[in-house]
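**Q** The following block contains the structure, expressed as structure tokens.
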Amino acid sequence: MYSNHDALSFTDREVLTTATHPDFRAWLARIEHIGGCQHPIHLTGHTHVIEASTGRLLAALTSETQPHQRLTIACGNSRLSRCEPCARLHQGDTYHLIASGLAGGKNVPDTVRTHPRAFATFTAPSFGAVHRHISGGLCRHRKNAPICPHGRSLACTDLHGDSDPIIGSPLCPDCYHYEAAVLFNAHTRDLWQRLNRNLYEDLASTLGVPRSVIRRSVRVSYAKVAEWQRRGTIHFHAVIRFDGPDGHADPPPAWASTGLLIRTIRTATRRVSFTVPGTTTVLRFGTQLDIRPITPGHTGDDLTERAVGSYIAKYVSKPEVTGVTVDRPVRDLATIAILPVTEHTRTMIRTCWILGGRQEHQPMNLRRWAHQLGYRGHTATKSRRYSTTYTALRAARADHRRLHHGEPPHAEDAVTEKHWSYSHSGHTAGQAMFADGIADDLRARRVADGGEAS
């Protein structure tokens with residue numbers, strides 16, 4: 001067994017080894033270039049840029065010319081628990097993606113601000129009574145509280161703090177509909193698709209015209225993010241907007257008002273239902289539906305464009321902060337028993353594993369998604385013509401970095417030949433300490449520039 005002195009000496013040796021390596025300064029520059037990534041990927045190989053008409057080599061990037069003879073790139077993981085620098089960068093991209101669809105920018109015209117738009121939160125239905133955090137109030141105070149069939153009281157007179165791990169856990173685990181909760185998470189994508197279809201159907205019904213006419217005259221664009229609630233079910237926070245048929249650059253028809261948009265969302269949501277294949281289980285969104293118009297203002301109590309963009313972006317990496325999900329797939333049933341989660345979450349994960357073994361649910365591959373409590377979608381998604389894309393934002397950032405480093409643009413007829421192989425990933429103990437310091441410095445600069453909350 002190592003003593004504290006031995007452990008400290010090992011750390012000092014790792015730091016010294018890193019700092020005295022001949023490639024140390026070049027390696028530091030590379031880690032700063034990738035934002036202080038905490039779990040980078042190392043590649044070997046090359047990229048050649050060749051002029052197609054002459055075969056002349058215009059530029060070359062090889063691992064042999066890189067620090068430690070390998071190209072180090074950011075992992076790009078959007079989970080805070082896996083890599084905070086990359087997750088923060090993804091949050092920033094999400095903000096710009098949402099905000100450009102509200103206020104313009106990133107090749108989206110600012111006339112999009114005149115389009116009717118609303119911010120809506122779609123909740124999950126109740127699968128059983130759970131413990132709650134009520135600011136200044138008791139969890140579930142009831143006179144003559146009922147007793148469930150398992151002999152448990154369906155009341156709770158405790159005052160739970162916001163960080164109390166019992167929040168979201170059922171008052172009676174035996175009464176809680178765990179299978180239905182998991183199936184709801186697994187089929188939220190189907191529910192959303194039906195909601196999108198219902199929006200057009202309800203518009204056609206309200207205006208008394210065929211659906212084909214609605215499709216040719218208006219487009220419903222959206223961007224949404226999934227949030228895991230403390231009870232383990234998915235909520236959607238979404239920006240929904242009326243456009244003309246060609247998307248964000250096309251104004252909607254005069255009859256497409258904000259009031260009509262809100263009424264249509266509310267009516268369409270009530271009509272959404274989905275029957276799980278092979279079962280009699282019918283899924284719906286919850287009855288709590290919050291819809292508010294988005295204003296173009298910058299002050300006051302209105303729901304502004306910037307506030308909506310910031311609100312949605314923060315949820316891209318939130319699940320691991322609340323401890324509701326785990327950040328890696330579950331490989332076997334035995335692992336579930338030792339996961340660092342609440343018993344309620346553990347039961348949700350175990351239910352995913354059990355349902356995944358049943359014939360009728362095998363197409364959903366629930367065991368693969370057990371760590372996400374059955375949710376099979378991306379955290380953030382959008383319709384095709386809502387605004388810009390993550391790909392465009394990353395390409396613009398790469399072009400900016402090339403310009404910043406004085407790299408000349410490639411010829412129009414250039415052909416890029418790439419051949420890279422995976423070597424390994426991660427840092428040594430000494431490298432990790434320097435990378436963390438770089439990430440801290442970059443974060444402090446963003447805070448000083450007003451680009452990130454401290």
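Ordered as shown in the structure tokens, chains take letters A, B, and onward, while each chain numbers its residues from 1 and ligands are numbered from 1 in the order shown.
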A:His90: which residues within 9 Å, counting only C-alpha atoms, same-chain residues fewer than 3 positions away excluded, as a ChimeraX atom specification?

**A** /A:76-78,85-87,93-95,313,316-317,390

**Q** Restricting the output to N, CA and C atoms, write the selected residues as a short mmCIF file (atom, residue, chain, number, x, y, z; two decimals), in the first residue's frame.

**A**
```cif
data_model
loop_
_atom_site.label_atom_id
_atom_site.label_comp_id
_atom_site.auth_asym_id
_atom_site.auth_seq_id
_atom_site.Cartn_x
_atom_site.Cartn_y
_atom_site.Cartn_z
N GLY A 76 -14.87 15.74 -28.34
CA GLY A 76 -16.17 16.20 -28.80
C GLY A 76 -17.34 15.68 -27.99
N ASN A 77 -17.08 15.11 -26.81
CA ASN A 77 -18.17 14.57 -26.01
C ASN A 77 -19.00 15.70 -25.41
N SER A 78 -20.32 15.58 -25.49
CA SER A 78 -21.20 16.65 -25.00
C SER A 78 -21.62 16.45 -23.55
N PRO A 85 -14.68 20.77 -21.05
CA PRO A 85 -14.41 21.75 -22.12
C PRO A 85 -15.21 21.47 -23.39
N CYS A 86 -15.27 20.22 -23.82
CA CYS A 86 -16.01 19.90 -25.04
C CYS A 86 -17.51 20.07 -24.83
N ALA A 87 -17.99 19.74 -23.64
CA ALA A 87 -19.42 19.92 -23.34
C ALA A 87 -19.78 21.39 -23.34
N ASP A 93 -22.45 26.09 -29.01
CA ASP A 93 -22.99 25.86 -30.35
C ASP A 93 -24.51 25.76 -30.32
N THR A 94 -25.04 25.10 -29.29
CA THR A 94 -26.49 24.97 -29.17
C THR A 94 -27.13 26.33 -28.98
N TYR A 95 -26.51 27.18 -28.17
CA TYR A 95 -27.04 28.53 -27.98
C TYR A 95 -27.14 29.27 -29.32
N ALA A 313 -29.92 25.85 -24.12
CA ALA A 313 -28.54 25.39 -24.24
C ALA A 313 -28.04 24.74 -22.96
N VAL A 316 -28.41 20.88 -22.57
CA VAL A 316 -27.70 19.94 -23.44
C VAL A 316 -26.81 19.01 -22.63
N SER A 317 -26.23 19.51 -21.53
CA SER A 317 -25.31 18.71 -20.72
C SER A 317 -25.81 18.53 -19.29
N TYR A 390 -25.12 22.30 -36.57
CA TYR A 390 -23.88 22.09 -35.82
C TYR A 390 -22.70 21.97 -36.78
#
```

**Q** Got a sec to tell me which of stretch 306-436 of chain A DSSP assigns to strand (DSSP E or B), as a VMD selection string?

**A** chain A and resid 380 to 382 414 to 425

**Q** Put those residues in a file: all heavy atoms, as a short mmCIF file (atom, residue, chain, number, x, y, z; two decimals), in the first residue's frame.

**A**
```
data_model
loop_
_atom_site.label_atom_id
_atom_site.label_comp_id
_atom_site.auth_asym_id
_atom_site.auth_seq_id
_atom_site.Cartn_x
_atom_site.Cartn_y
_atom_site.Cartn_z
N ALA A 380 -30.46 17.26 -28.18
CA ALA A 380 -30.97 18.43 -28.90
C ALA A 380 -31.23 18.06 -30.35
O ALA A 380 -30.38 17.41 -30.99
CB ALA A 380 -29.97 19.58 -28.82
N THR A 381 -32.38 18.43 -30.87
CA THR A 381 -32.73 18.19 -32.27
C THR A 381 -33.48 19.40 -32.81
O THR A 381 -33.99 20.22 -32.05
CB THR A 381 -33.61 16.94 -32.44
OG1 THR A 381 -34.78 17.09 -31.61
CG2 THR A 381 -32.87 15.68 -32.03
N LYS A 382 -33.56 19.49 -34.13
CA LYS A 382 -34.28 20.59 -34.76
C LYS A 382 -34.82 20.14 -36.10
O LYS A 382 -34.36 19.14 -36.67
CB LYS A 382 -33.37 21.80 -34.94
CG LYS A 382 -32.30 21.61 -35.99
CD LYS A 382 -31.50 22.88 -36.20
CE LYS A 382 -30.55 22.74 -37.39
NZ LYS A 382 -31.25 22.56 -38.68
N ALA A 414 -8.82 21.78 -55.37
CA ALA A 414 -8.00 20.93 -54.50
C ALA A 414 -8.77 19.67 -54.10
O ALA A 414 -9.98 19.69 -53.90
CB ALA A 414 -7.58 21.70 -53.26
N VAL A 415 -8.02 18.59 -53.98
CA VAL A 415 -8.55 17.31 -53.53
C VAL A 415 -7.85 16.94 -52.22
O VAL A 415 -6.62 17.01 -52.13
CB VAL A 415 -8.32 16.21 -54.57
CG1 VAL A 415 -8.78 14.85 -54.04
CG2 VAL A 415 -9.03 16.54 -55.88
N THR A 416 -8.65 16.58 -51.22
CA THR A 416 -8.09 16.24 -49.91
C THR A 416 -8.07 14.73 -49.74
O THR A 416 -9.09 14.06 -49.90
CB THR A 416 -8.92 16.87 -48.78
OG1 THR A 416 -8.95 18.29 -48.94
CG2 THR A 416 -8.33 16.53 -47.42
N GLU A 417 -6.90 14.21 -49.44
CA GLU A 417 -6.73 12.77 -49.20
C GLU A 417 -6.39 12.56 -47.73
O GLU A 417 -5.40 13.11 -47.23
CB GLU A 417 -5.62 12.22 -50.09
CG GLU A 417 -5.30 10.76 -49.82
CD GLU A 417 -3.99 10.34 -50.47
OE1 GLU A 417 -4.02 9.93 -51.64
OE2 GLU A 417 -2.94 10.45 -49.79
N LYS A 418 -7.22 11.78 -47.03
CA LYS A 418 -7.01 11.56 -45.60
C LYS A 418 -6.83 10.08 -45.32
O LYS A 418 -7.54 9.25 -45.88
CB LYS A 418 -8.22 12.08 -44.80
CG LYS A 418 -8.45 13.57 -44.89
CD LYS A 418 -9.64 13.99 -44.04
CE LYS A 418 -9.87 15.49 -44.10
NZ LYS A 418 -11.02 15.92 -43.26
N HIS A 419 -5.89 9.80 -44.43
CA HIS A 419 -5.69 8.42 -43.96
C HIS A 419 -5.20 8.49 -42.51
O HIS A 419 -4.03 8.76 -42.24
CB HIS A 419 -4.68 7.66 -44.82
CG HIS A 419 -4.47 6.25 -44.36
ND1 HIS A 419 -5.40 5.26 -44.57
CD2 HIS A 419 -3.45 5.68 -43.67
CE1 HIS A 419 -4.96 4.13 -44.04
NE2 HIS A 419 -3.77 4.36 -43.48
N TRP A 420 -6.13 8.29 -41.57
CA TRP A 420 -5.80 8.36 -40.17
C TRP A 420 -6.24 7.09 -39.46
O TRP A 420 -7.28 6.52 -39.79
CB TRP A 420 -6.49 9.56 -39.50
CG TRP A 420 -5.99 10.88 -40.01
CD1 TRP A 420 -6.55 11.66 -40.97
CD2 TRP A 420 -4.79 11.54 -39.59
NE1 TRP A 420 -5.79 12.78 -41.17
CE2 TRP A 420 -4.71 12.74 -40.33
CE3 TRP A 420 -3.80 11.26 -38.65
CZ2 TRP A 420 -3.66 13.65 -40.17
CZ3 TRP A 420 -2.76 12.15 -38.49
CH2 TRP A 420 -2.70 13.32 -39.24
N SER A 421 -5.47 6.67 -38.47
CA SER A 421 -5.79 5.48 -37.67
C SER A 421 -5.79 5.85 -36.19
O SER A 421 -4.97 6.68 -35.74
CB SER A 421 -4.76 4.36 -37.92
OG SER A 421 -4.75 3.98 -39.29
N TYR A 422 -6.70 5.23 -35.46
CA TYR A 422 -6.79 5.47 -34.02
C TYR A 422 -5.59 4.87 -33.31
O TYR A 422 -5.22 3.72 -33.54
CB TYR A 422 -8.08 4.85 -33.49
CG TYR A 422 -8.23 4.90 -31.98
CD1 TYR A 422 -8.66 6.06 -31.34
CD2 TYR A 422 -7.95 3.78 -31.21
CE1 TYR A 422 -8.81 6.11 -29.97
CE2 TYR A 422 -8.10 3.82 -29.83
CZ TYR A 422 -8.52 4.98 -29.22
OH TYR A 422 -8.66 5.02 -27.86
N SER A 423 -4.99 5.65 -32.43
CA SER A 423 -3.87 5.16 -31.63
C SER A 423 -4.34 4.85 -30.21
O SER A 423 -4.31 3.71 -29.77
CB SER A 423 -2.74 6.20 -31.59
OG SER A 423 -1.72 5.83 -30.68
N HIS A 424 -4.79 5.87 -29.50
CA HIS A 424 -5.32 5.70 -28.15
C HIS A 424 -6.01 7.00 -27.75
O HIS A 424 -6.10 7.93 -28.57
CB HIS A 424 -4.21 5.33 -27.16
CG HIS A 424 -3.16 6.38 -26.99
ND1 HIS A 424 -2.19 6.61 -27.95
CD2 HIS A 424 -2.93 7.28 -25.99
CE1 HIS A 424 -1.39 7.59 -27.55
NE2 HIS A 424 -1.83 8.01 -26.36
N SER A 425 -6.48 7.07 -26.54
CA SER A 425 -7.15 8.28 -26.09
C SER A 425 -6.75 8.59 -24.64
O SER A 425 -6.26 7.72 -23.92
CB SER A 425 -8.67 8.15 -26.20
OG SER A 425 -9.14 7.06 -25.42
#
```

**Q** Just the number, please: distance in Å from atom CA of A:Phe236 to atom CA of A:Leu303, one decimal.

**A** 17.3 Å

**Q** From the list A:Gly247, A:Pro210, A:Gly426, A:Pro149, which residue is nearest A:His39 when using only C-alpha atoms?

**A**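 Of all the options, A:Gly426 lies closest to A:His39.
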
**Q** Which residue out of A:Ala334, A:Leu43, A:Leu442, A:Ala392 has the minimum interatomic distance to A:Asn107 when only C-alpha atoms are used?

**A**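 Residue with the minimum atom-to-atom distance to A:Asn107: A:Ala392.
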